[in-house]
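Q: Just my_file.pdb, nothing more (PDB, C-alpha atoms):
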ATOM      1  CA  MET A   1      49.296 -28.628 -41.524
ATOM      2  CA  ALA A   2      50.815 -31.256 -43.775
ATOM      3  CA  PHE A   3      50.777 -29.109 -46.935
ATOM      4  CA  LYS A   4      50.732 -25.436 -47.929
ATOM      5  CA  ARG A   5      49.768 -25.814 -51.602
ATOM      6  CA  ILE A   6      47.895 -28.777 -53.011
ATOM      7  CA  VAL A   7      46.038 -29.996 -56.047
ATOM      8  CA  LEU A   8      42.745 -31.680 -55.183
ATOM      9  CA  LYS A   9      41.632 -34.127 -57.874
ATOM     10  CA  LEU A  10      37.870 -34.710 -57.930
ATOM     11  CA  SER A  11      36.284 -37.242 -60.250
ATOM     12  CA  GLY A  12      33.088 -36.363 -62.052
ATOM     13  CA  GLU A  13      31.450 -39.365 -60.404
ATOM     14  CA  ALA A  14      32.199 -37.873 -56.971
ATOM     15  CA  LEU A  15      30.167 -34.786 -57.916
ATOM     16  CA  ALA A  16      27.214 -36.927 -59.006
ATOM     17  CA  GLY A  17      26.567 -38.174 -55.474
ATOM     18  CA  SER A  18      24.383 -41.276 -55.286
ATOM     19  CA  ALA A  19      23.422 -40.851 -58.930
ATOM     20  CA  LYS A  20      25.795 -41.970 -61.662
ATOM     21  CA  THR A  21      25.251 -38.973 -63.907
ATOM     22  CA  GLY A  22      24.698 -35.242 -63.564
ATOM     23  CA  ILE A  23      25.481 -32.975 -60.617
ATOM     24  CA  ASP A  24      24.271 -33.406 -57.049
ATOM     25  CA  ASN A  25      24.043 -29.848 -55.707
ATOM     26  CA  GLU A  26      24.179 -30.965 -52.085
ATOM     27  CA  VAL A  27      27.359 -32.940 -52.716
ATOM     28  CA  ILE A  28      28.989 -29.985 -54.447
ATOM     29  CA  LYS A  29      28.016 -27.669 -51.584
ATOM     30  CA  SER A  30      29.416 -30.174 -49.095
ATOM     31  CA  ILE A  31      32.754 -30.375 -50.915
ATOM     32  CA  ALA A  32      32.879 -26.589 -51.352
ATOM     33  CA  LYS A  33      32.361 -26.152 -47.613
ATOM     34  CA  ARG A  34      35.416 -28.307 -46.867
ATOM     35  CA  VAL A  35      37.496 -26.517 -49.490
ATOM     36  CA  LYS A  36      36.582 -23.226 -47.834
ATOM     37  CA  THR A  37      37.732 -24.593 -44.478
ATOM     38  CA  VAL A  38      41.042 -25.670 -46.006
ATOM     39  CA  THR A  39      41.635 -22.224 -47.506
ATOM     40  CA  GLU A  40      40.860 -20.632 -44.135
ATOM     41  CA  MET A  41      43.644 -22.826 -42.713
ATOM     42  CA  GLY A  42      46.016 -21.015 -45.055
ATOM     43  CA  VAL A  43      46.367 -23.727 -47.688
ATOM     44  CA  GLU A  44      46.528 -22.724 -51.358
ATOM     45  CA  VAL A  45      44.152 -24.950 -53.327
ATOM     46  CA  GLY A  46      44.108 -25.881 -56.986
ATOM     47  CA  ILE A  47      41.374 -28.278 -58.124
ATOM     48  CA  VAL A  48      41.258 -30.556 -61.146
ATOM     49  CA  VAL A  49      37.818 -31.923 -61.973
ATOM     50  CA  GLY A  50      36.905 -34.900 -64.093
ATOM     51  CA  GLY A  51      33.866 -35.170 -66.326
ATOM     52  CA  GLY A  52      32.775 -38.788 -65.999
ATOM     53  CA  ASN A  53      29.386 -37.813 -64.604
ATOM     54  CA  PHE A  54      28.592 -36.372 -68.037
ATOM     55  CA  TRP A  55      30.787 -38.270 -70.475
ATOM     56  CA  ARG A  56      33.636 -40.761 -70.361
ATOM     57  CA  GLY A  57      35.537 -40.342 -73.604
ATOM     58  CA  ARG A  58      37.328 -43.668 -73.561
ATOM     59  CA  ASP A  59      34.076 -45.616 -73.115
ATOM     60  CA  SER A  60      32.428 -44.484 -76.341
ATOM     61  CA  LEU A  61      32.158 -47.191 -78.990
ATOM     62  CA  ASN A  62      30.625 -45.199 -81.840
ATOM     63  CA  ILE A  63      32.462 -41.878 -81.698
ATOM     64  CA  GLN A  64      36.058 -41.326 -82.704
ATOM     65  CA  ARG A  65      38.291 -41.327 -79.616
ATOM     66  CA  ALA A  66      39.636 -37.793 -80.098
ATOM     67  CA  THR A  67      36.140 -36.364 -80.566
ATOM     68  CA  SER A  68      34.869 -38.306 -77.588
ATOM     69  CA  ASP A  69      37.702 -36.993 -75.420
ATOM     70  CA  TYR A  70      36.884 -33.408 -76.370
ATOM     71  CA  MET A  71      33.288 -34.037 -75.321
ATOM     72  CA  GLY A  72      34.583 -35.233 -71.970
ATOM     73  CA  MET A  73      36.641 -32.051 -71.607
ATOM     74  CA  LEU A  74      33.453 -30.002 -71.989
ATOM     75  CA  GLY A  75      31.934 -32.058 -69.166
ATOM     76  CA  THR A  76      34.819 -31.038 -66.884
ATOM     77  CA  VAL A  77      34.071 -27.375 -67.634
ATOM     78  CA  MET A  78      30.446 -27.806 -66.519
ATOM     79  CA  ASN A  79      31.631 -29.383 -63.267
ATOM     80  CA  ALA A  80      34.190 -26.615 -62.736
ATOM     81  CA  LEU A  81      31.576 -23.887 -63.191
ATOM     82  CA  ALA A  82      29.199 -25.610 -60.775
ATOM     83  CA  LEU A  83      31.946 -25.913 -58.169
ATOM     84  CA  GLN A  84      32.980 -22.291 -58.721
ATOM     85  CA  ASP A  85      29.379 -21.156 -58.178
ATOM     86  CA  ALA A  86      29.141 -23.114 -54.913
ATOM     87  CA  LEU A  87      32.428 -21.677 -53.627
ATOM     88  CA  GLU A  88      31.563 -18.110 -54.558
ATOM     89  CA  LYS A  89      28.242 -18.398 -52.710
ATOM     90  CA  MET A  90      30.405 -19.118 -49.651
ATOM     91  CA  ASP A  91      32.484 -15.986 -50.332
ATOM     92  CA  VAL A  92      35.524 -17.934 -51.541
ATOM     93  CA  LEU A  93      37.366 -16.153 -54.352
ATOM     94  CA  THR A  94      37.529 -18.653 -57.202
ATOM     95  CA  ARG A  95      38.803 -18.732 -60.753
ATOM     96  CA  VAL A  96      38.220 -21.328 -63.453
ATOM     97  CA  GLN A  97      41.009 -21.762 -65.985
ATOM     98  CA  THR A  98      40.447 -23.932 -69.044
ATOM     99  CA  SER A  99      42.962 -25.609 -71.339
ATOM    100  CA  ILE A 100      40.610 -24.951 -74.257
ATOM    101  CA  GLU A 101      39.854 -21.260 -74.644
ATOM    102  CA  MET A 102      36.247 -20.256 -73.957
ATOM    103  CA  ARG A 103      36.621 -16.695 -72.765
ATOM    104  CA  ALA A 104      32.903 -16.103 -72.264
ATOM    105  CA  VAL A 105      32.816 -18.537 -69.331
ATOM    106  CA  ALA A 106      36.378 -18.921 -67.993
ATOM    107  CA  GLU A 107      39.950 -17.738 -68.221
ATOM    108  CA  PRO A 108      42.461 -19.517 -70.453
ATOM    109  CA  TYR A 109      45.051 -21.523 -68.522
ATOM    110  CA  ILE A 110      48.189 -19.466 -67.925
ATOM    111  CA  ARG A 111      50.676 -20.926 -65.469
ATOM    112  CA  ARG A 112      51.978 -17.647 -64.050
ATOM    113  CA  ARG A 113      48.458 -16.288 -63.631
ATOM    114  CA  ALA A 114      47.384 -19.456 -61.820
ATOM    115  CA  ILE A 115      50.318 -19.197 -59.399
ATOM    116  CA  ARG A 116      49.587 -15.525 -58.746
ATOM    117  CA  GLN A 117      45.929 -16.288 -58.060
ATOM    118  CA  LEU A 118      46.916 -19.028 -55.612
ATOM    119  CA  GLU A 119      49.236 -16.609 -53.848
ATOM    120  CA  LYS A 120      46.257 -14.257 -53.510
ATOM    121  CA  LYS A 121      44.420 -17.116 -51.759
ATOM    122  CA  MET A 122      42.022 -17.757 -54.617
ATOM    123  CA  VAL A 123      40.892 -21.303 -55.358
ATOM    124  CA  VAL A 124      41.898 -22.107 -58.929
ATOM    125  CA  ILE A 125      39.899 -24.787 -60.754
ATOM    126  CA  PHE A 126      41.626 -26.325 -63.767
ATOM    127  CA  ALA A 127      39.137 -27.545 -66.383
ATOM    128  CA  ALA A 128      39.163 -29.084 -69.878
ATOM    129  CA  GLY A 129      41.907 -31.534 -69.010
ATOM    130  CA  THR A 130      45.228 -30.883 -70.712
ATOM    131  CA  GLY A 131      43.381 -29.633 -73.795
ATOM    132  CA  ASN A 132      44.524 -32.703 -75.705
ATOM    133  CA  PRO A 133      42.760 -35.993 -76.432
ATOM    134  CA  TYR A 134      44.190 -39.287 -75.160
ATOM    135  CA  PHE A 135      45.205 -37.759 -71.815
ATOM    136  CA  SER A 136      43.204 -38.319 -68.640
ATOM    137  CA  THR A 137      42.314 -35.773 -65.970
ATOM    138  CA  ASP A 138      44.660 -37.733 -63.665
ATOM    139  CA  THR A 139      47.445 -36.681 -66.023
ATOM    140  CA  THR A 140      46.094 -33.134 -65.856
ATOM    141  CA  ALA A 141      46.345 -33.221 -62.059
ATOM    142  CA  ALA A 142      49.952 -34.426 -62.227
ATOM    143  CA  LEU A 143      50.849 -31.830 -64.857
ATOM    144  CA  ARG A 144      49.232 -28.900 -63.057
ATOM    145  CA  ALA A 145      50.743 -29.973 -59.717
ATOM    146  CA  ALA A 146      54.203 -29.939 -61.290
ATOM    147  CA  GLU A 147      53.588 -26.580 -62.984
ATOM    148  CA  ILE A 148      52.352 -24.743 -59.882
ATOM    149  CA  ASN A 149      54.856 -26.436 -57.530
ATOM    150  CA  ALA A 150      52.172 -28.125 -55.443
ATOM    151  CA  GLU A 151      53.423 -30.077 -52.459
ATOM    152  CA  ALA A 152      50.999 -32.962 -53.037
ATOM    153  CA  ILE A 153      48.071 -34.259 -55.041
ATOM    154  CA  LEU A 154      45.012 -35.260 -53.045
ATOM    155  CA  LEU A 155      43.218 -37.909 -55.090
ATOM    156  CA  ALA A 156      39.657 -38.103 -53.781
ATOM    157  CA  LYS A 157      37.979 -41.376 -54.783
ATOM    158  CA  LYS A 158      34.331 -42.308 -54.616
ATOM    159  CA  GLY A 159      33.491 -45.675 -53.078
ATOM    160  CA  VAL A 160      37.026 -46.607 -51.985
ATOM    161  CA  ASP A 161      39.249 -45.332 -49.161
ATOM    162  CA  GLY A 162      42.714 -46.012 -50.534
ATOM    163  CA  ILE A 163      44.742 -48.288 -52.785
ATOM    164  CA  TYR A 164      44.183 -52.046 -52.574
ATOM    165  CA  ASP A 165      45.961 -55.012 -54.155
ATOM    166  CA  SER A 166      42.654 -55.966 -55.795
ATOM    167  CA  ASP A 167      39.164 -54.535 -56.117
ATOM    168  CA  PRO A 168      37.727 -54.443 -52.551
ATOM    169  CA  LYS A 169      34.215 -54.411 -53.991
ATOM    170  CA  GLN A 170      34.833 -57.812 -55.567
ATOM    171  CA  ASN A 171      37.343 -59.316 -53.145
ATOM    172  CA  LYS A 172      36.540 -59.079 -49.426
ATOM    173  CA  ASP A 173      40.114 -60.144 -48.637
ATOM    174  CA  ALA A 174      41.673 -57.313 -50.639
ATOM    175  CA  LYS A 175      44.663 -55.791 -48.854
ATOM    176  CA  LYS A 176      44.862 -52.035 -48.376
ATOM    177  CA  PHE A 177      48.236 -50.361 -48.699
ATOM    178  CA  GLU A 178      49.181 -47.597 -46.270
ATOM    179  CA  LYS A 179      52.240 -46.514 -48.246
ATOM    180  CA  LEU A 180      53.559 -47.209 -51.745
ATOM    181  CA  SER A 181      56.128 -45.875 -54.163
ATOM    182  CA  TYR A 182      55.271 -44.882 -57.709
ATOM    183  CA  LEU A 183      57.377 -47.784 -58.940
ATOM    184  CA  ASP A 184      55.154 -50.080 -56.859
ATOM    185  CA  ILE A 185      52.079 -48.759 -58.673
ATOM    186  CA  LEU A 186      53.673 -49.363 -62.060
ATOM    187  CA  SER A 187      55.199 -52.755 -61.257
ATOM    188  CA  LYS A 188      52.073 -54.085 -59.502
ATOM    189  CA  ASN A 189      49.874 -52.626 -62.252
ATOM    190  CA  LEU A 190      47.631 -50.920 -59.708
ATOM    191  CA  LYS A 191      44.931 -49.004 -61.558
ATOM    192  CA  ILE A 192      44.693 -45.981 -59.262
ATOM    193  CA  MET A 193      46.118 -43.646 -61.929
ATOM    194  CA  ASP A 194      47.059 -44.177 -65.533
ATOM    195  CA  ALA A 195      50.735 -44.849 -66.294
ATOM    196  CA  THR A 196      51.310 -41.386 -67.800
ATOM    197  CA  ALA A 197      50.085 -39.609 -64.660
ATOM    198  CA  THR A 198      52.009 -41.993 -62.401
ATOM    199  CA  SER A 199      55.259 -41.467 -64.313
ATOM    200  CA  LEU A 200      54.794 -37.692 -64.280
ATOM    201  CA  CYS A 201      54.354 -37.692 -60.497
ATOM    202  CA  MET A 202      57.365 -39.958 -60.077
ATOM    203  CA  ASP A 203      59.600 -37.836 -62.317
ATOM    204  CA  ASN A 204      58.678 -34.682 -60.391
ATOM    205  CA  ASN A 205      58.650 -36.298 -56.938
ATOM    206  CA  ILE A 206      55.081 -35.216 -56.129
ATOM    207  CA  PRO A 207      53.477 -37.122 -53.228
ATOM    208  CA  LEU A 208      49.997 -38.527 -53.809
ATOM    209  CA  VAL A 209      47.389 -39.126 -51.108
ATOM    210  CA  VAL A 210      44.527 -41.421 -52.142
ATOM    211  CA  PHE A 211      41.479 -41.293 -49.873
ATOM    212  CA  GLY A 212      37.695 -41.661 -49.894
ATOM    213  CA  ILE A 213      35.490 -38.670 -50.651
ATOM    214  CA  ASP A 214      32.300 -40.334 -49.412
ATOM    215  CA  ASP A 215      33.109 -38.503 -46.163
ATOM    216  CA  PRO A 216      34.064 -34.999 -47.380
ATOM    217  CA  ASP A 217      35.697 -34.226 -44.012
ATOM    218  CA  ASN A 218      38.533 -36.469 -45.163
ATOM    219  CA  ILE A 219      39.801 -33.515 -47.214
ATOM    220  CA  ILE A 220      40.426 -31.624 -43.974
ATOM    221  CA  ARG A 221      41.878 -34.677 -42.222
ATOM    222  CA  VAL A 222      44.487 -35.152 -44.951
ATOM    223  CA  ILE A 223      45.490 -31.484 -44.758
ATOM    224  CA  GLU A 224      45.849 -31.773 -40.992
ATOM    225  CA  GLY A 225      48.254 -34.680 -41.491
ATOM    226  CA  GLU A 226      45.986 -37.457 -40.288
ATOM    227  CA  LYS A 227      47.028 -40.828 -41.693
ATOM    228  CA  ILE A 228      44.086 -41.925 -43.794
ATOM    229  CA  GLY A 229      43.969 -43.589 -47.180
ATOM    230  CA  THR A 230      47.207 -44.451 -48.959
ATOM    231  CA  ILE A 231      50.202 -42.197 -49.450
ATOM    232  CA  VAL A 232      52.364 -42.653 -52.537
ATOM    233  CA  LYS A 233      55.843 -41.171 -52.622
ATOM    234  CA  GLU A 234      59.391 -42.162 -53.329
ATOM    235  CA  ASP A 235      61.443 -43.491 -50.426
TER     236      ASP A 235
END
Represent the supplied structure as structure tokens.

A:
Amino acid sequence: MAFKRIVLKLSGEALAGSAKTGIDNEVIKSIAKRVKTVTEMGVEVGIVVGGGNFWRGRDSLNIQRATSDYMGMLGTVMNALALQDALEKMDVLTRVQTSIEMRAVAEPYIRRRAIRQLEKKMVVIFAAGTGNPYFSTDTTAALRAAEINAEAILLAKKGVDGIYDSDPKQNKDAKKFEKLSYLDILSKNLKIMDATATSLCMDNNIPLVVFGIDDPDNIIRVIEGEKIGTIVKED
């Protein structure tokens, strides 16, 4: 195995399947099945979920940015609960921890508790972003990975299988990178993560593997060390 403890970052759009909004139950079950396989391999798994299938805070034109971001955080909680339900139906012990307290539905985020749960082989899903507006769930993934001492962040992307020098959907000659440094991402202005998340990963020397989630088996392939997607780490 390539890693013993990871943070898997799932976008909200990935959970929507072929639709652009809402939750595709078959997609969630498919991802949960692969997560279960990974845990059975002995890997400790933390998951950060986005909320773009319900609401993208930064895209709102008529709502104040901070309010819009909080709405997006609530979307991540809905995705986390759906993923938790799918995992528990497969007999995978799962906990949802939220950055905004909502004790009736999830535990509040506590770093030491999260680490202990991972050590007990529970899947821990981190929801509600960082709990602060103006920060993306990519930043949440970088922050949580640093806090729980994850060995890598697995950034699962919908519709793309790695990092390219331009949008492969618009440019058929776009070049895919097999390996990059975080400085490359910043200097080339590659939009795979926002600058805050990229800098946080760089400062804490956390490798990032960017791969396509359209084939959910890619989650297992990355864990097994297969070279797919793009790996980002310092030389």

Q: With only C-alpha atoms counted and 12 Å as the cut-off, give the residues of segment 67-164 of chain A in contact with segment 222-228 of chain A, each with its shortest interatomic distance in Å and the pair that gives it, as JSON lines.

A:
{"residue": "A:Glu151", "atom": "CA", "partner": "A:Ile223", "partner_atom": "CA", "distance": 11.1}
{"residue": "A:Ala152", "atom": "CA", "partner": "A:Ile223", "partner_atom": "CA", "distance": 10.1}
{"residue": "A:Ile153", "atom": "CA", "partner": "A:Val222", "partner_atom": "CA", "distance": 10.7}
{"residue": "A:Leu154", "atom": "CA", "partner": "A:Val222", "partner_atom": "CA", "distance": 8.1}
{"residue": "A:Leu155", "atom": "CA", "partner": "A:Val222", "partner_atom": "CA", "distance": 10.6}
{"residue": "A:Ala156", "atom": "CA", "partner": "A:Val222", "partner_atom": "CA", "distance": 10.5}
{"residue": "A:Val160", "atom": "CA", "partner": "A:Ile228", "partner_atom": "CA", "distance": 11.8}
{"residue": "A:Asp161", "atom": "CA", "partner": "A:Ile228", "partner_atom": "CA", "distance": 8.0}
{"residue": "A:Gly162", "atom": "CA", "partner": "A:Ile228", "partner_atom": "CA", "distance": 8.0}
{"residue": "A:Ile163", "atom": "CA", "partner": "A:Ile228", "partner_atom": "CA", "distance": 11.0}

Q: So which residues fall inside 12 Å of (48.5, -31.4, -77.1) if we count all atoms listed in the file? Mind giving them as a list in words?

A: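 Returned residue set, sorted by chain then number, is Ala66, Tyr70, Ser99, Ile100, Gly129, Thr130, Gly131, Asn132, Pro133, Tyr134, Phe135 and Thr140 of chain A.
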
Q: Output the residue selection produced by the PyMOL selection byres ((chain A and resi 126) around 9) on the file above, formatted as an NGL selection string.

A: :A and (46-49 or 76-77 or 80 or 95-99 or 109 or 124-125 or 127-129 or 140-141 or 144)

Q: Please produce a file of those selected residues containing C-alpha atoms, as an mmCIF file, in the coordinates of the input.

A:
data_model
loop_
_atom_site.group_PDB
_atom_site.id
_atom_site.type_symbol
_atom_site.label_atom_id
_atom_site.label_comp_id
_atom_site.auth_asym_id
_atom_site.auth_seq_id
_atom_site.Cartn_x
_atom_site.Cartn_y
_atom_site.Cartn_z
ATOM 1 C CA GLY A 46 44.108 -25.881 -56.986
ATOM 2 C CA ILE A 47 41.374 -28.278 -58.124
ATOM 3 C CA VAL A 48 41.258 -30.556 -61.146
ATOM 4 C CA VAL A 49 37.818 -31.923 -61.973
ATOM 5 C CA THR A 76 34.819 -31.038 -66.884
ATOM 6 C CA VAL A 77 34.071 -27.375 -67.634
ATOM 7 C CA ALA A 80 34.190 -26.615 -62.736
ATOM 8 C CA ARG A 95 38.803 -18.732 -60.753
ATOM 9 C CA VAL A 96 38.220 -21.328 -63.453
ATOM 10 C CA GLN A 97 41.009 -21.762 -65.985
ATOM 11 C CA THR A 98 40.447 -23.932 -69.044
ATOM 12 C CA SER A 99 42.962 -25.609 -71.339
ATOM 13 C CA TYR A 109 45.051 -21.523 -68.522
ATOM 14 C CA VAL A 124 41.898 -22.107 -58.929
ATOM 15 C CA ILE A 125 39.899 -24.787 -60.754
ATOM 16 C CA ALA A 127 39.137 -27.545 -66.383
ATOM 17 C CA ALA A 128 39.163 -29.084 -69.878
ATOM 18 C CA GLY A 129 41.907 -31.534 -69.010
ATOM 19 C CA THR A 140 46.094 -33.134 -65.856
ATOM 20 C CA ALA A 141 46.345 -33.221 -62.059
ATOM 21 C CA ARG A 144 49.232 -28.900 -63.057
#

Q: Measuring between all atoms listed in the file, which one of A:Ala104, A:Arg221, A:Thr230, A:Gln117 shows the shortest distance to Lys175 of chain A?

A: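 Answer, going by the shortest atom-to-atom distance: A:Thr230.
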
Q: Using the file's own x, y and z axes, what box holds all listed atoms of segment 167-185 of chain A with 8 Å on each side, keeping edges along x, y and z, and what are its centre and edge lengths in Å to one decimal, as AutoDock Vina command-line options?

A:
--center_x 45.8 --center_y -52.5 --center_z -52.6 --size_x 39.2 --size_y 31.3 --size_z 28.7

Q: Would you kindly identify which residues have an atom no farther than 9 Å from (56.0, -41.1, -61.2), using only C-alpha atoms and the file's own coordinates, and write them out as a list in words?

A: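 Residues satisfying the cut-off, written out: Ser181, Tyr182, Leu183, Ile185, Leu186, Ala195, Thr196, Ala197, Thr198, Ser199, Leu200, Cys201, Met202, Asp203, Asn204, Asn205, Ile206, Lys233 and Glu234 of chain A.
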
Q: Write out as number ranges by chain which residues come within 12 Å of Ile23 of chain A when counting all atoms listed in the file, dropping same-chain ones fewer than 4 positions away.

A: A: 11-19, 27-29, 51-54, 75-76, 78-83, 86

Q: Could you check the closest approach to Arg56 of chain A for each of A:Asn171, A:Ala114, A:Thr137, A:Ser30 and tell me which residue wins, using only C-alpha atoms?

A: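 Checking each of A:Asn171, A:Ala114, A:Thr137, A:Ser30 against Arg56 of chain A, counting only C-alpha atoms, the winner is A:Thr137.
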
Q: In Å, rounded to a single decimal, give me how far atom CA of Met73 of chain A is from atom CA of Lys121 of chain A.

A: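 Answer for the atom CA of Lys121 of chain A to atom CA of Met73 of chain A separation: 26.0 Å.
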
Q: Separation of atom CA of Ala146 of chain A and atom CA of Lys191 of chain A, in Å?

A: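 That distance, rounded to one decimal, is 21.2 Å.
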
Q: With all atoms listed in the file as the atoms that count, which of A:Val38, A:Leu180, A:Leu118, A:Ile110 lies nearest to Asn218 of chain A?

A: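 Going through A:Val38, A:Leu180, A:Leu118, A:Ile110 one by one, the smallest distance to Asn218 of chain A is for A:Val38.
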
Q: Have a look at A:Ile115, A:Met122, A:Gly229, A:Lys157 and name the one nearest to Glu178 of chain A; count only C-alpha atoms.

A: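 Smallest separation from Glu178 of chain A among the options: A:Gly229.
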
Q: Can you measure atom CA of Gly72 of chain A to atom CA of Trp55 of chain A for me? One decimal in Å is fine.

A: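 Distance between the two atoms: 5.1 Å.
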
Q: Selected by the PyMOL selection byres ((chain A and resi 34) around 8) in the shown coordinates: which residues, as number ranges by chain?

A: A: 30-33, 35-38, 216-217, 219-220

Q: Could you tell me which of A:Asp24, A:Asp167, A:Asp85, A:Asp59 comes closest to Val105 of chain A if we count only C-alpha atoms?

A: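 Answer, going by the shortest atom-to-atom distance: A:Asp85.
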